[in-house]
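Enquirer: First the structure, which I've put down as C-alpha cells, then a few questions once you've had a look.
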Amino acid sequence: MKKITFLRLLCRLSGAAMVTLMAQMAFAAGEELKVYKSPDCGCCGKWVEHLESQGLETATLHPMNLAAVKQHYGIKPAYRSCHTAVSNDGYVFEGHVPARFVTEFLQSPPEGALGLAVPGMPVGSPGMEMDQRFDPYEVILLKQDGTAEVYKSIKSPDQQY
C-alpha cells in the first residue's frame, strides 16, 4: 500500500474538511469562544451549534444585561445583533458570523481589529436558516479606533462554508 504523506492528505481534503481542520488547529491551544446570549434565543443556539460543527469550542453564558456586555466590549449599537462571542484574546464576534470567518480572523487578526460583526439577523446566515431563503449580507470588520469596514460580502449561501 502506498504511504500517503500528511501534505498529500491535506491536498485531498475537501474545502469544508479543510476549514474544519484549520479550525481545530486554531483552537488546539485551548481557544474557547465565550458566547453571551439570551437563554431563550433559538437562533443563537443554532449559531453555537454551527460553530461547534466546524470544530470551534464554545462556552455559553446568559448575562442579565446583554447590552452591557456589548457596550463593555466596544460594540457600537449600529453593529449589534442577538449574541456576542469573545475569544481568549478579547476579539469579538457579534451576531451570525460564519465559523469560517471566525477561524480565518483568529488565525491572522488584522492590525487594530476589535473583531467581526454581522449586524441584525440576516435570513440564511448560520443559525438563521429558513427553508431555501437567503438574503445577501456583509461581515463587518470592527476596529479598535471605532471605525468599521466590510470584511466579506456574502452573496450566496455557499460562501458561508
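Starting from 1 in every chain, residues are counted up; chains themselves are A, B, ... following the order of the C-alpha cells, and ligands are numbered from 1 as listed.
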Determine, for each residue of segment 74-151 of chain A having at least one atom at most 12 Å from an atom of segment 54-69 of chain A, the closest pair of atoms and their separation in Å to one decimal, counting only C-alpha atoms; order by chain and ascending number, as a tab-separated table.
Expert:
residue	atom	partner	partner_atom	distance
A:Gly74	CA	A:Val69	CA	8.7
A:Ile75	CA	A:Val69	CA	8.8
A:Lys76	CA	A:Ala67	CA	10.2
A:Pro77	CA	A:Ala67	CA	9.0
A:Arg80	CA	A:Ala67	CA	9.0
A:Ser81	CA	A:Ala67	CA	10.0
A:Cys82	CA	A:Leu66	CA	8.7
A:His83	CA	A:Leu66	CA	7.9
A:Thr84	CA	A:Val69	CA	8.0
A:Ala85	CA	A:Thr58	CA	8.7
A:Val86	CA	A:Thr58	CA	9.6
A:Ser87	CA	A:Thr58	CA	9.4
A:Asn88	CA	A:Thr58	CA	10.9
A:Val92	CA	A:Val69	CA	10.8
A:Glu94	CA	A:Val69	CA	11.1
A:Pro98	CA	A:Gln54	CA	9.7
A:Ala99	CA	A:Gln54	CA	6.6
A:Arg100	CA	A:Gln54	CA	7.8
A:Phe101	CA	A:Gln54	CA	11.1
A:Val102	CA	A:Leu56	CA	9.1
A:Thr103	CA	A:Leu56	CA	8.2
A:Glu104	CA	A:Leu56	CA	11.9
A:Leu106	CA	A:Leu56	CA	11.2
A:Pro126	CA	A:Gln54	CA	11.4
Enquirer: Using only C-alpha atoms, find the one residue out of A:Lys143, A:Lys34, A:Lys70, A:Lys46 that sits nearest to Gly124 of chain A.
Expert: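 Ranking A:Lys143, A:Lys34, A:Lys70, A:Lys46 by distance to Gly124 of chain A, first place goes to A:Lys46.
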Enquirer: Find, counting only C-alpha atoms, the residue in A:Ala148, A:Leu114, A:Val97, A:Met128 that gets nearest to Tyr161 of chain A.
Expert: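 Of A:Ala148, A:Leu114, A:Val97, A:Met128, the one nearest Tyr161 of chain A, counting only C-alpha atoms, is A:Val97.
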Enquirer: Which is closest to Gly95 of chain A among A:Gln144, A:Gln159, A:Ser153, A:Ser125, if we use only C-alpha atoms?
Expert: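 Ranking A:Gln144, A:Gln159, A:Ser153, A:Ser125 by distance to Gly95 of chain A, first place goes to A:Ser125.
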Enquirer: Can you pull out every residue from chain A that DSSP, working from the backbone, puts in alpha helix (DSSP H), and format the result as a VMD selection string?
Expert: chain A and resid 6 to 12 15 to 26 42 to 53 66 to 72 99 to 107
Enquirer: Quick one: write out the picked residues with N, CA and C atoms as a compact mmCIF listing (two decimals), in the first residue's frame?
Expert:
# COMPACT_ATOMS: atom_id res chain seq x y z
N PHE A 6 1.32 13.45 5.10
CA PHE A 6 0.37 14.40 5.69
C PHE A 6 0.03 15.49 4.69
N LEU A 7 1.01 16.00 3.97
CA LEU A 7 0.79 17.06 2.99
C LEU A 7 -0.13 16.60 1.87
N ARG A 8 0.10 15.38 1.39
CA ARG A 8 -0.76 14.86 0.32
C ARG A 8 -2.19 14.68 0.83
N LEU A 9 -2.33 14.26 2.07
CA LEU A 9 -3.65 14.10 2.66
C LEU A 9 -4.37 15.45 2.73
N LEU A 10 -3.65 16.48 3.18
CA LEU A 10 -4.25 17.81 3.24
C LEU A 10 -4.72 18.27 1.87
N CYS A 11 -3.94 17.99 0.85
CA CYS A 11 -4.29 18.39 -0.51
C CYS A 11 -5.55 17.70 -1.00
N ARG A 12 -5.84 16.52 -0.46
CA ARG A 12 -7.01 15.76 -0.89
C ARG A 12 -8.29 16.13 -0.14
N GLY A 15 -12.93 21.31 0.63
CA GLY A 15 -12.89 22.65 1.23
C GLY A 15 -13.48 22.67 2.62
N ALA A 16 -14.62 22.02 2.81
CA ALA A 16 -15.27 22.00 4.14
C ALA A 16 -14.40 21.27 5.15
N ALA A 17 -13.81 20.16 4.73
CA ALA A 17 -12.94 19.41 5.65
C ALA A 17 -11.71 20.23 6.00
N MET A 18 -11.19 20.97 5.03
CA MET A 18 -10.01 21.80 5.28
C MET A 18 -10.34 22.90 6.29
N VAL A 19 -11.50 23.53 6.14
CA VAL A 19 -11.91 24.58 7.08
C VAL A 19 -12.03 24.00 8.48
N THR A 20 -12.65 22.83 8.59
CA THR A 20 -12.81 22.19 9.89
C THR A 20 -11.46 21.86 10.50
N LEU A 21 -10.54 21.33 9.70
CA LEU A 21 -9.21 21.00 10.20
C LEU A 21 -8.48 22.26 10.65
N MET A 22 -8.58 23.33 9.87
CA MET A 22 -7.93 24.59 10.24
C MET A 22 -8.51 25.13 11.53
N ALA A 23 -9.83 25.02 11.69
CA ALA A 23 -10.47 25.49 12.91
C ALA A 23 -9.97 24.71 14.11
N GLN A 24 -9.87 23.40 13.94
CA GLN A 24 -9.39 22.57 15.05
C GLN A 24 -7.95 22.90 15.39
N MET A 25 -7.12 23.16 14.38
CA MET A 25 -5.74 23.53 14.64
C MET A 25 -5.67 24.88 15.36
N ALA A 26 -6.51 25.82 14.96
CA ALA A 26 -6.51 27.15 15.57
C ALA A 26 -6.93 27.08 17.04
N GLY A 42 -33.42 30.84 20.21
CA GLY A 42 -33.15 29.63 19.43
C GLY A 42 -32.12 29.82 18.34
N CYS A 43 -32.14 30.97 17.66
CA CYS A 43 -31.18 31.18 16.58
C CYS A 43 -29.77 31.29 17.12
N CYS A 44 -29.61 31.83 18.32
CA CYS A 44 -28.28 31.89 18.95
C CYS A 44 -27.76 30.48 19.22
N GLY A 45 -28.65 29.62 19.71
CA GLY A 45 -28.27 28.23 19.96
C GLY A 45 -27.87 27.53 18.68
N LYS A 46 -28.57 27.80 17.59
CA LYS A 46 -28.22 27.20 16.30
C LYS A 46 -26.88 27.72 15.81
N TRP A 47 -26.57 29.00 16.08
CA TRP A 47 -25.28 29.56 15.68
C TRP A 47 -24.15 28.87 16.46
N VAL A 48 -24.36 28.64 17.76
CA VAL A 48 -23.37 27.93 18.57
C VAL A 48 -23.16 26.53 18.01
N GLU A 49 -24.24 25.85 17.63
CA GLU A 49 -24.12 24.52 17.03
C GLU A 49 -23.32 24.58 15.73
N HIS A 50 -23.53 25.64 14.94
CA HIS A 50 -22.77 25.84 13.70
C HIS A 50 -21.28 25.95 14.01
N LEU A 51 -20.92 26.77 15.01
CA LEU A 51 -19.51 26.91 15.37
C LEU A 51 -18.91 25.56 15.77
N GLU A 52 -19.62 24.86 16.63
CA GLU A 52 -19.11 23.58 17.13
C GLU A 52 -19.00 22.54 16.02
N SER A 53 -19.93 22.56 15.06
CA SER A 53 -19.87 21.61 13.94
C SER A 53 -18.66 21.87 13.05
N LEU A 66 -27.42 41.87 28.48
CA LEU A 66 -26.63 41.60 27.28
C LEU A 66 -26.12 42.90 26.64
N ALA A 67 -26.91 43.95 26.71
CA ALA A 67 -26.48 45.24 26.14
C ALA A 67 -25.23 45.76 26.86
N ALA A 68 -25.15 45.53 28.15
CA ALA A 68 -23.97 45.96 28.91
C ALA A 68 -22.72 45.20 28.48
N VAL A 69 -22.87 43.92 28.12
CA VAL A 69 -21.75 43.13 27.62
C VAL A 69 -21.25 43.73 26.32
N LYS A 70 -22.17 44.04 25.43
CA LYS A 70 -21.82 44.61 24.13
C LYS A 70 -21.12 45.96 24.32
N GLN A 71 -21.63 46.77 25.22
CA GLN A 71 -21.02 48.07 25.50
C GLN A 71 -19.62 47.88 26.08
N HIS A 72 -19.47 46.94 27.01
CA HIS A 72 -18.17 46.66 27.63
C HIS A 72 -17.11 46.32 26.57
N ALA A 99 -18.59 30.54 10.89
CA ALA A 99 -17.42 29.96 11.57
C ALA A 99 -16.16 30.07 10.72
N ARG A 100 -16.30 29.95 9.40
CA ARG A 100 -15.09 30.01 8.56
C ARG A 100 -14.39 31.35 8.69
N PHE A 101 -15.16 32.43 8.89
CA PHE A 101 -14.55 33.75 9.03
C PHE A 101 -14.03 34.00 10.44
N VAL A 102 -14.66 33.38 11.44
CA VAL A 102 -14.13 33.44 12.80
C VAL A 102 -12.75 32.80 12.81
N THR A 103 -12.65 31.62 12.22
CA THR A 103 -11.38 30.90 12.17
C THR A 103 -10.33 31.68 11.39
N GLU A 104 -10.71 32.17 10.23
CA GLU A 104 -9.79 32.95 9.38
C GLU A 104 -9.27 34.16 10.14
N PHE A 105 -10.17 34.87 10.79
CA PHE A 105 -9.80 36.06 11.55
C PHE A 105 -8.82 35.71 12.68
N LEU A 106 -9.14 34.68 13.45
CA LEU A 106 -8.30 34.32 14.59
C LEU A 106 -6.92 33.82 14.17
N GLN A 107 -6.81 33.25 12.99
CA GLN A 107 -5.51 32.80 12.51
C GLN A 107 -4.61 33.96 12.13
Enquirer: When you look at Gly115 of chain A with a cut-off of 6 Å (counting only C-alpha atoms), what residues show up, excluding the ones that are within fewer than 2 positions of it in the same chain? I need them as a list in words.
Expert: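 Those residues are Tyr91, Val92, Phe93, Ala113 and Leu142 of chain A.
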Enquirer: Can you write just those residues out, C-alpha atoms, as a PDB file, in the first residue's frame?
Expert:
ATOM      1  CA  TYR A  91     -11.679  39.678  19.920  1.00  0.00           C
ATOM      2  CA  VAL A  92     -15.441  39.961  19.462  1.00  0.00           C
ATOM      3  CA  PHE A  93     -17.741  38.181  17.031  1.00  0.00           C
ATOM      4  CA  ALA A 113      -9.038  44.935  14.857  1.00  0.00           C
ATOM      5  CA  LEU A 142     -14.791  46.342  13.651  1.00  0.00           C
TER       6      LEU A 142
END
Enquirer: By how many Å are atom CA of Gln160 of chain A and atom CA of Leu116 of chain A apart?
Expert: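 So the answer is 14.1 Å.
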